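Dumped query27.pdb below, it's PDB, C-alpha atoms and all ligand atoms:
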ATOM      1  CA  LEU A   1       6.614  -4.959 -15.062
ATOM      2  CA  THR A   2       6.554  -1.388 -13.860
ATOM      3  CA  ILE A   3       3.756  -0.078 -11.666
ATOM      4  CA  LEU A   4       3.603   3.713 -11.596
ATOM      5  CA  LYS A   5       1.389   5.435  -9.068
ATOM      6  CA  ILE A   6       0.837   9.124  -9.656
ATOM      7  CA  GLY A   7       0.036  11.370  -6.731
ATOM      8  CA  GLY A   8      -2.691  13.903  -6.168
ATOM      9  CA  ALA A   9      -0.645  17.038  -6.794
ATOM     10  CA  VAL A  10       0.559  15.622 -10.130
ATOM     11  CA  LEU A  11      -3.020  14.784 -11.148
ATOM     12  CA  GLN A  12      -4.115  18.325 -10.374
ATOM     13  CA  ASP A  13      -1.454  20.052 -12.472
ATOM     14  CA  GLU A  14      -2.052  19.734 -16.228
ATOM     15  CA  ALA A  15       1.591  20.195 -17.205
ATOM     16  CA  ALA A  16       2.916  17.825 -14.531
ATOM     17  CA  LEU A  17       0.294  15.237 -15.423
ATOM     18  CA  SER A  18       1.064  15.421 -19.102
ATOM     19  CA  ALA A  19       4.785  14.979 -18.370
ATOM     20  CA  ALA A  20       4.056  12.003 -16.094
ATOM     21  CA  LEU A  21       1.872  10.356 -18.733
ATOM     22  CA  GLN A  22       4.578  10.929 -21.343
ATOM     23  CA  PHE A  23       7.049   9.266 -18.968
ATOM     24  CA  PHE A  24       4.640   6.347 -18.542
ATOM     25  CA  THR A  25       4.199   6.099 -22.314
ATOM     26  CA  GLY A  26       7.979   6.009 -22.730
ATOM     27  CA  MET A  27       8.517   3.282 -20.123
ATOM     28  CA  PRO A  28       9.649   0.071 -21.798
ATOM     29  CA  GLY A  29       7.875  -3.225 -21.178
ATOM     30  CA  GLN A  30       4.621  -4.046 -19.478
ATOM     31  CA  LYS A  31       3.135  -1.438 -17.195
ATOM     32  CA  ILE A  32       0.265  -0.489 -14.943
ATOM     33  CA  LEU A  33      -0.758   3.021 -13.909
ATOM     34  CA  VAL A  34      -2.415   3.594 -10.526
ATOM     35  CA  HIS A  35      -4.124   6.776  -9.387
ATOM     36  CA  GLY A  36      -6.443   8.210  -6.775
ATOM     37  CA  GLY A  37      -7.699  11.736  -7.069
ATOM     38  CA  GLY A  38      -8.007  12.792  -3.449
ATOM     39  CA  ARG A  39      -7.533  16.490  -4.058
ATOM     40  CA  LYS A  40     -10.164  16.575  -6.775
ATOM     41  CA  ALA A  41     -12.487  14.530  -4.541
ATOM     42  CA  SER A  42     -11.980  16.996  -1.669
ATOM     43  CA  ASP A  43     -12.611  19.863  -4.035
ATOM     44  CA  ILE A  44     -15.845  18.401  -5.362
ATOM     45  CA  SER A  45     -16.918  17.312  -1.850
ATOM     46  CA  ARG A  46     -16.631  20.904  -0.660
ATOM     47  CA  ARG A  47     -18.579  22.131  -3.684
ATOM     48  CA  LEU A  48     -21.332  19.684  -2.685
ATOM     49  CA  GLY A  49     -21.236  20.867   0.925
ATOM     50  CA  ILE A  50     -19.555  17.721   2.302
ATOM     51  CA  ALA A  51     -16.498  18.537   4.442
ATOM     52  CA  PRO A  52     -13.586  16.172   3.645
ATOM     53  CA  GLN A  53     -12.249  14.428   6.742
ATOM     54  CA  MET A  54      -8.845  12.755   6.998
ATOM     55  CA  HIS A  55      -7.068  10.705   9.648
ATOM     56  CA  GLU A  56      -3.345   9.905   9.337
ATOM     57  CA  GLY A  57      -3.405  10.531   5.610
ATOM     58  CA  ARG A  58      -6.483   8.383   5.034
ATOM     59  CA  ARG A  59      -9.936   9.629   4.107
ATOM     60  CA  LEU A  60     -12.950   9.002   6.308
ATOM     61  CA  THR A  61     -15.475   7.757   3.746
ATOM     62  CA  ASP A  62     -19.104   8.150   4.763
ATOM     63  CA  ALA A  63     -21.854   7.189   2.296
ATOM     64  CA  ALA A  64     -21.921  10.599   0.600
ATOM     65  CA  THR A  65     -18.119  10.660   0.345
ATOM     66  CA  LEU A  66     -18.143   7.186  -1.222
ATOM     67  CA  GLU A  67     -20.416   8.560  -3.954
ATOM     68  CA  VAL A  68     -18.015  11.426  -4.564
ATOM     69  CA  VAL A  69     -14.830   9.320  -4.644
ATOM     70  CA  THR A  70     -16.444   6.760  -6.936
ATOM     71  CA  MET A  71     -17.497   9.468  -9.381
ATOM     72  CA  VAL A  72     -14.137  11.193  -9.239
ATOM     73  CA  TYR A  73     -11.721   8.230  -9.184
ATOM     74  CA  ALA A  74     -13.505   5.630 -11.314
ATOM     75  CA  GLY A  75     -15.163   8.212 -13.543
ATOM     76  CA  LEU A  76     -13.596  11.565 -14.216
ATOM     77  CA  GLU A  77      -9.954  10.894 -13.339
ATOM     78  CA  ASN A  78      -9.766   7.335 -14.684
ATOM     79  CA  LYS A  79     -11.338   8.154 -18.037
ATOM     80  CA  ARG A  80      -9.428  11.391 -18.491
ATOM     81  CA  LEU A  81      -6.144   9.518 -17.905
ATOM     82  CA  VAL A  82      -7.133   6.774 -20.342
ATOM     83  CA  ALA A  83      -8.073   9.354 -22.991
ATOM     84  CA  GLN A  84      -4.788  11.238 -22.577
ATOM     85  CA  LEU A  85      -2.790   7.999 -22.727
ATOM     86  CA  GLN A  86      -4.631   6.915 -25.861
ATOM     87  CA  HIS A  87      -3.723  10.273 -27.378
ATOM     88  CA  MET A  88      -0.066   9.608 -26.550
ATOM     89  CA  GLY A  89      -0.154   6.166 -28.124
ATOM     90  CA  THR A  90      -0.506   4.014 -24.998
ATOM     91  CA  ASN A  91      -3.317   1.489 -25.319
ATOM     92  CA  ALA A  92      -4.730   2.063 -21.847
ATOM     93  CA  ILE A  93      -7.744   0.373 -20.282
ATOM     94  CA  GLY A  94      -9.379   1.858 -17.197
ATOM     95  CA  LEU A  95     -10.297  -0.390 -14.275
ATOM     96  CA  SER A  96     -11.658  -0.275 -10.759
ATOM     97  CA  GLY A  97     -11.012  -3.152  -8.392
ATOM     98  CA  ALA A  98     -14.514  -4.461  -9.145
ATOM     99  CA  ASP A  99     -13.766  -4.883 -12.859
ATOM    100  CA  ALA A 100     -12.861  -8.522 -13.529
ATOM    101  CA  ASN A 101     -12.774  -8.781  -9.725
ATOM    102  CA  ILE A 102      -9.150  -7.635  -9.765
ATOM    103  CA  ILE A 103      -9.132  -6.299  -6.205
ATOM    104  CA  LEU A 104     -11.383  -7.708  -3.523
ATOM    105  CA  SER A 105     -11.442  -5.895  -0.200
ATOM    106  CA  GLU A 106     -13.338  -5.817   3.075
ATOM    107  CA  LYS A 107     -14.815  -2.852   4.878
ATOM    108  CA  ARG A 108     -12.402  -1.670   7.532
ATOM    109  CA  LYS A 109     -13.594  -2.491  11.034
ATOM    110  CA  HIS A 110     -14.669   0.396  13.238
ATOM    111  CA  THR A 111     -12.011   0.604  15.961
ATOM    112  CA  THR A 112     -11.024   3.910  17.540
ATOM    113  CA  VAL A 113     -11.602   5.576  14.175
ATOM    114  CA  ASP A 114     -14.539   4.901  11.855
ATOM    115  CA  TYR A 115     -13.128   5.056   8.346
ATOM    116  CA  GLY A 116     -16.553   4.349   6.895
ATOM    117  CA  PHE A 117     -16.575   2.726   3.466
ATOM    118  CA  ALA A 118     -12.821   2.159   3.411
ATOM    119  CA  GLY A 119     -11.682  -1.103   1.910
ATOM    120  CA  ASP A 120      -8.738  -3.164   3.129
ATOM    121  CA  VAL A 121      -7.524  -5.452   0.379
ATOM    122  CA  ILE A 122      -8.070  -9.194   0.751
ATOM    123  CA  SER A 123      -6.952 -10.492  -2.629
ATOM    124  CA  VAL A 124      -5.724  -9.596  -6.092
ATOM    125  CA  GLN A 125      -6.795 -11.634  -9.135
ATOM    126  CA  LYS A 126      -3.746 -11.737 -11.317
ATOM    127  CA  ALA A 127      -5.179 -13.724 -14.261
ATOM    128  CA  PRO A 128      -7.241 -10.880 -15.773
ATOM    129  CA  LEU A 129      -4.336  -8.464 -15.296
ATOM    130  CA  GLN A 130      -1.949 -10.902 -16.976
ATOM    131  CA  ALA A 131      -4.421 -11.324 -19.844
ATOM    132  CA  LEU A 132      -4.649  -7.575 -20.358
ATOM    133  CA  LEU A 133      -0.880  -7.101 -20.102
ATOM    134  CA  GLY A 134      -0.361 -10.002 -22.471
ATOM    135  CA  ALA A 135      -2.718  -8.371 -24.962
ATOM    136  CA  GLY A 136      -0.534  -5.265 -24.975
ATOM    137  CA  LEU A 137      -2.904  -3.185 -22.875
ATOM    138  CA  ALA A 138      -1.822  -0.906 -20.047
ATOM    139  CA  PRO A 139      -4.280  -1.159 -17.131
ATOM    140  CA  VAL A 140      -5.079   2.162 -15.442
ATOM    141  CA  CYS A 141      -6.337   1.271 -11.966
ATOM    142  CA  CYS A 142      -8.230   3.670  -9.741
ATOM    143  CA  ALA A 143      -8.551   3.477  -5.979
ATOM    144  CA  ILE A 144     -12.046   1.966  -5.830
ATOM    145  CA  THR A 145     -12.421  -1.696  -4.847
ATOM    146  CA  HIS A 146     -15.370  -3.921  -3.957
ATOM    147  CA  ASP A 147     -16.293  -6.493  -1.301
ATOM    148  CA  GLY A 148     -17.815  -9.113  -3.627
ATOM    149  CA  GLN A 149     -21.253  -8.451  -2.117
ATOM    150  CA  GLY A 150     -21.981  -5.488  -4.342
ATOM    151  CA  GLN A 151     -20.482  -2.858  -2.080
ATOM    152  CA  LEU A 152     -17.894  -0.457  -3.521
ATOM    153  CA  LEU A 153     -15.141   0.597  -1.122
ATOM    154  CA  ASN A 154     -12.588   3.395  -1.101
ATOM    155  CA  THR A 155      -9.014   2.131  -0.921
ATOM    156  CA  ASN A 156      -5.858   4.227  -0.657
ATOM    157  CA  ALA A 157      -4.235   4.422  -4.111
ATOM    158  CA  ASP A 158      -0.769   3.788  -2.649
ATOM    159  CA  THR A 159      -2.179   0.552  -1.246
ATOM    160  CA  ILE A 160      -3.614  -0.429  -4.628
ATOM    161  CA  ALA A 161      -0.200   0.029  -6.241
ATOM    162  CA  ALA A 162       1.510  -1.994  -3.509
ATOM    163  CA  VAL A 163      -0.938  -4.911  -3.532
ATOM    164  CA  LEU A 164      -0.708  -5.123  -7.316
ATOM    165  CA  ALA A 165       3.085  -5.167  -6.991
ATOM    166  CA  ALA A 166       2.879  -7.854  -4.312
ATOM    167  CA  GLY A 167       0.291  -9.881  -6.223
ATOM    168  CA  LEU A 168       2.326  -9.912  -9.415
ATOM    169  CA  ALA A 169       5.802 -10.259  -7.875
ATOM    170  CA  ALA A 170       5.864 -14.036  -8.267
ATOM    171  CA  ASP A 171       5.350 -13.768 -12.034
ATOM    172  CA  TYR A 172       7.182 -10.560 -12.988
ATOM    173  CA  HIS A 173      10.164  -8.482 -11.935
ATOM    174  CA  VAL A 174       8.122  -5.662 -10.455
ATOM    175  CA  ASP A 175       9.371  -2.118 -10.022
ATOM    176  CA  LEU A 176       7.003   0.021  -7.965
ATOM    177  CA  LEU A 177       7.305   3.764  -8.569
ATOM    178  CA  TYR A 178       5.484   6.373  -6.508
ATOM    179  CA  CYS A 179       5.538   9.684  -8.350
ATOM    180  CA  PHE A 180       4.529  12.763  -6.352
ATOM    181  CA  GLU A 181       5.476  16.430  -6.155
ATOM    182  CA  GLN A 182       8.467  16.230  -3.746
ATOM    183  CA  PRO A 183      11.980  14.991  -4.653
ATOM    184  CA  GLY A 184      11.298  12.019  -2.367
ATOM    185  CA  VAL A 185      11.010  11.461   1.366
ATOM    186  CA  MET A 186      12.481  14.597   2.932
ATOM    187  CA  GLU A 187      14.126  15.248   6.295
ATOM    188  CA  ASP A 188      12.661  18.737   6.127
ATOM    189  CA  LEU A 189       9.926  19.535   3.610
ATOM    190  CA  SER A 190      11.049  23.178   3.481
ATOM    191  CA  ARG A 191      14.576  22.176   2.400
ATOM    192  CA  PRO A 192      14.794  20.722  -1.128
ATOM    193  CA  ASP A 193      18.341  19.503  -0.356
ATOM    194  CA  SER A 194      17.199  17.276   2.523
ATOM    195  CA  LEU A 195      16.279  14.191   0.479
ATOM    196  CA  ILE A 196      16.548  10.860   2.303
ATOM    197  CA  GLN A 197      18.092   8.646  -0.378
ATOM    198  CA  GLU A 198      17.334   5.324   1.239
ATOM    199  CA  LEU A 199      14.921   4.115   3.900
ATOM    200  CA  ARG A 200      15.006   0.827   5.765
ATOM    201  CA  PRO A 201      12.466  -0.285   8.384
ATOM    202  CA  ASP A 202      14.621   0.938  11.289
ATOM    203  CA  SER A 203      15.306   4.407   9.850
ATOM    204  CA  TYR A 204      11.631   4.717   8.850
ATOM    205  CA  ALA A 205      10.595   3.945  12.441
ATOM    206  CA  ARG A 206      12.982   6.606  13.750
ATOM    207  CA  TYR A 207      11.833   9.317  11.327
ATOM    208  CA  ARG A 208       8.234   8.426  12.019
ATOM    209  CA  ALA A 209       8.665   8.656  15.787
ATOM    210  CA  ALA A 210      10.411  12.022  15.367
ATOM    211  CA  GLY A 211       7.444  13.325  13.350
ATOM    212  CA  VAL A 212       9.635  13.919  10.273
ATOM    213  CA  ILE A 213       7.384  11.661   8.226
ATOM    214  CA  ALA A 214       3.656  12.304   8.515
ATOM    215  CA  GLY A 215       0.322  12.589   6.723
ATOM    216  CA  GLY A 216      -0.013  10.945   3.320
ATOM    217  CA  MET A 217       3.605   9.800   3.452
ATOM    218  CA  LEU A 218       2.729   7.246   6.166
ATOM    219  CA  PRO A 219       0.448   5.016   4.063
ATOM    220  CA  LYS A 220       2.791   5.515   1.117
ATOM    221  CA  LEU A 221       5.781   4.164   3.033
ATOM    222  CA  ASP A 222       3.858   1.407   4.815
ATOM    223  CA  ASN A 223       2.777   0.254   1.368
ATOM    224  CA  ALA A 224       6.195   0.567  -0.223
ATOM    225  CA  PHE A 225       7.665  -1.644   2.524
ATOM    226  CA  ARG A 226       4.811  -4.089   2.111
ATOM    227  CA  ALA A 227       5.543  -4.425  -1.624
ATOM    228  CA  VAL A 228       9.273  -4.916  -1.096
ATOM    229  CA  ASN A 229       8.638  -7.526   1.606
ATOM    230  CA  ALA A 230       6.325  -9.321  -0.814
ATOM    231  CA  GLY A 231       9.023  -9.588  -3.451
ATOM    232  CA  ALA A 232       8.921  -6.405  -5.518
ATOM    233  CA  ARG A 233      12.383  -5.835  -6.960
ATOM    234  CA  LYS A 234      12.392  -2.157  -6.179
ATOM    235  CA  ALA A 235      10.249   0.588  -4.663
ATOM    236  CA  LEU A 236      11.062   4.221  -5.319
ATOM    237  CA  ILE A 237       9.415   7.422  -4.118
ATOM    238  CA  ALA A 238      10.329  10.437  -6.237
ATOM    239  CA  ASP A 239       9.198  13.344  -8.358
ATOM    240  CA  LEU A 240       9.215  12.981 -12.128
ATOM    241  CA  GLU A 241      12.702  14.443 -12.330
ATOM    242  CA  GLY A 242      13.928  11.797  -9.870
ATOM    243  CA  LEU A 243      12.195   8.992 -11.765
ATOM    244  CA  ARG A 244      13.883  10.127 -14.966
ATOM    245  CA  ASN A 245      17.335  10.651 -13.485
ATOM    246  CA  GLY A 246      17.711   8.027 -10.794
ATOM    247  CA  GLY A 247      16.937  10.288  -7.817
ATOM    248  CA  GLY A 248      14.288   9.863  -5.144
ATOM    249  CA  THR A 249      14.066   7.685  -2.051
ATOM    250  CA  THR A 250      14.695   3.962  -2.429
ATOM    251  CA  ILE A 251      12.843   1.642  -0.032
ATOM    252  CA  ARG A 252      14.781  -1.441   1.079
TER     253      ARG A 252
HETATM  254  P1  LIG A 301      -0.057  11.613  -3.134
HETATM  255  O1  LIG A 301       0.481  12.895  -3.689
HETATM  256  O2  LIG A 301       0.706  10.450  -3.627
HETATM  257  O3  LIG A 301      -1.524  11.509  -3.291
HETATM  258  P2  LIG A 301      -0.150  12.332  -0.345
HETATM  259  O4  LIG A 301      -0.474  13.765  -0.645
HETATM  260  O5  LIG A 301      -1.130  11.503   0.365
HETATM  261  O6  LIG A 301       0.317  11.560  -1.613
HETATM  262  O7  LIG A 301       1.222  12.230   0.449
HETATM  263  C1  LIG A 301       2.328  12.948   0.045
HETATM  264  C2  LIG A 301       2.517  14.075   1.015
HETATM  265  O8  LIG A 301       3.144  13.603   2.199
HETATM  266  C3  LIG A 301       3.441  15.160   0.529
HETATM  267  O9  LIG A 301       2.788  16.069  -0.316
HETATM  268  C4  LIG A 301       3.883  15.805   1.843
HETATM  269  O10 LIG A 301       3.074  16.906   2.152
HETATM  270  C5  LIG A 301       3.614  14.735   2.891
HETATM  271  N1  LIG A 301       4.802  14.393   3.658
HETATM  272  C6  LIG A 301       4.821  14.241   4.995
HETATM  273  N2  LIG A 301       6.054  13.989   5.435
HETATM  274  C7  LIG A 301       6.867  13.984   4.347
HETATM  275  C8  LIG A 301       8.267  13.807   4.169
HETATM  276  N3  LIG A 301       9.095  13.582   5.185
HETATM  277  N4  LIG A 301       8.759  13.856   2.916
HETATM  278  C9  LIG A 301       7.930  14.090   1.860
HETATM  279  N5  LIG A 301       6.610  14.289   1.983
HETATM  280  C10 LIG A 301       6.062  14.238   3.211
END

Can the structure from this file be put into structure tokens for me?
Amino acid sequence: LTILKIGGAVLQDEAALSAALQFFTGMPGQKILVHGGGRKASDISRRLGIAPQMHEGRRLTDAATLEVVTMVYAGLENKRLVAQLQHMGTNAIGLSGADANIILSEKRKHTTVDYGFAGDVISVQKAPLQALLGAGLAPVCCAITHDGQGQLLNTNADTIAAVLAAGLAADYHVDLLYCFEQPGVMEDLSRPDSLIQELRPDSYARYRAAGVIAGGMLPKLDNAFRAVNAGARKALIADLEGLRNGGGTTIR
């Protein structure tokens, strides 16, 4: 089973997105696509007069922002990806975490930062996912979850990919692929030749303390380590070129 998460910059670029979806279509075996749509959500938020607010790569989701991310992730982006995949011959089915109760989460507690309607995942229901995969469908999961009490919650898409990988690791050989616009985790974002080929918990801690790794890369790496610790066979962070040709940063 391969779980491919596509990043915001890829989603925003028609040519890059099309290439990523072609790659997904060409992947052998069972597969799940995961996406957010943060850049589009920020864009539409601003157009509605709601200033996007982030903290350590995570969005602060007040009630108005929850409306925007639900419309953008579970609506526009999810359905546009499903339609494009159908066009390419992949029998995709779009899902939020509320659908078939696949991802149950709880509202993040207000500590020093109030993340608002941000959901931390409690559980993954693997039976409906297995049924869909077994029927030859490719689930396309967006970054909206629910709390089981009727409340939708915004959950980081990298987290969704990782919890699905962790939840399915006992039943499948899971490869978790994070596709974004950089060659991988970089020592210096301005130097394309500074790819870090492999990260382990100790080197991650060092790079993090040195400020080399920041922003949206923090939740991405925390999640990649979480998936590997939970039994995923492999986690890779790369651009499409790296995914095709064995490049990128491998998480161990
Ligand atoms: P996504 O594209 O998957 O939605 P984010 O935009 O949240 O992910 O996170 C990816 C971003 O993390 C990159 O675009 C980059 O700006 C940032 N980043 C911070 N540190 C690094 C690093 N050392 N290597 C690569 N990217 C980094």

Please enumerate the residues selected by the PyMOL selection byres (((chain A and resi 20-30) around 7) and not hetatm) when evaluated against the supplied file, formatted as a PyMOL selection string. chain A and resi 1-2+16-19+31+85+88+90+133+240

How would the residues just chosen look if you wrote them out with C-alpha atoms as a compact mmCIF listing (two decimals), in the frame of the given file?
# COMPACT_ATOMS: atom_id res chain seq x y z
CA LEU A 1 6.61 -4.96 -15.06
CA THR A 2 6.55 -1.39 -13.86
CA ALA A 16 2.92 17.82 -14.53
CA LEU A 17 0.29 15.24 -15.42
CA SER A 18 1.06 15.42 -19.10
CA ALA A 19 4.78 14.98 -18.37
CA LYS A 31 3.14 -1.44 -17.20
CA LEU A 85 -2.79 8.00 -22.73
CA MET A 88 -0.07 9.61 -26.55
CA THR A 90 -0.51 4.01 -25.00
CA LEU A 133 -0.88 -7.10 -20.10
CA LEU A 240 9.22 12.98 -12.13

Evaluate the PyMOL selection byres (((chain A and resi 52-55) around 9) and not hetatm) and report residues as a short mmCIF file (atom, residue, chain, number, x, y, z; two decimals) with C-alpha atoms, in the frame of the given file:
data_model
loop_
_atom_site.label_atom_id
_atom_site.label_comp_id
_atom_site.auth_asym_id
_atom_site.auth_seq_id
_atom_site.Cartn_x
_atom_site.Cartn_y
_atom_site.Cartn_z
CA ALA A 41 -12.49 14.53 -4.54
CA SER A 42 -11.98 17.00 -1.67
CA ASP A 43 -12.61 19.86 -4.04
CA SER A 45 -16.92 17.31 -1.85
CA ARG A 46 -16.63 20.90 -0.66
CA ILE A 50 -19.56 17.72 2.30
CA ALA A 51 -16.50 18.54 4.44
CA GLU A 56 -3.34 9.90 9.34
CA GLY A 57 -3.40 10.53 5.61
CA ARG A 58 -6.48 8.38 5.03
CA ARG A 59 -9.94 9.63 4.11
CA LEU A 60 -12.95 9.00 6.31
CA THR A 61 -15.48 7.76 3.75
CA THR A 65 -18.12 10.66 0.34
CA VAL A 113 -11.60 5.58 14.18
CA TYR A 115 -13.13 5.06 8.35
CA GLY A 215 0.32 12.59 6.72
#

Which of A:Ala15, A:Leu218, A:Ala135, A:Ile213 sits closest to ligand LIG 301 (chain A) [using only C-alpha atoms and all ligand atoms]: A:Ile213

Mind giving me the straight-line distance from atom N3 of ligand LIG 301 (chain A) to CA of Val163 in chain A in Å, one decimal?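 About the pair atom N3 of ligand LIG 301 (chain A) and CA of Val163 in chain A: they are 22.8 Å apart.
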
Per-axis box centre and lengths in Å around range 24-34 of chain A, 6 Å margin per side, axis-aligned, as AutoDock Vina command-line options:
--center_x 3.6 --center_y 1.2 --center_z -16.6 --size_x 24.1 --size_y 22.4 --size_z 24.2

Computed interatomic separation between CA of Tyr73 in chain A and CA of Phe225 in chain A (Å):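 A separation of 24.7 Å between them.
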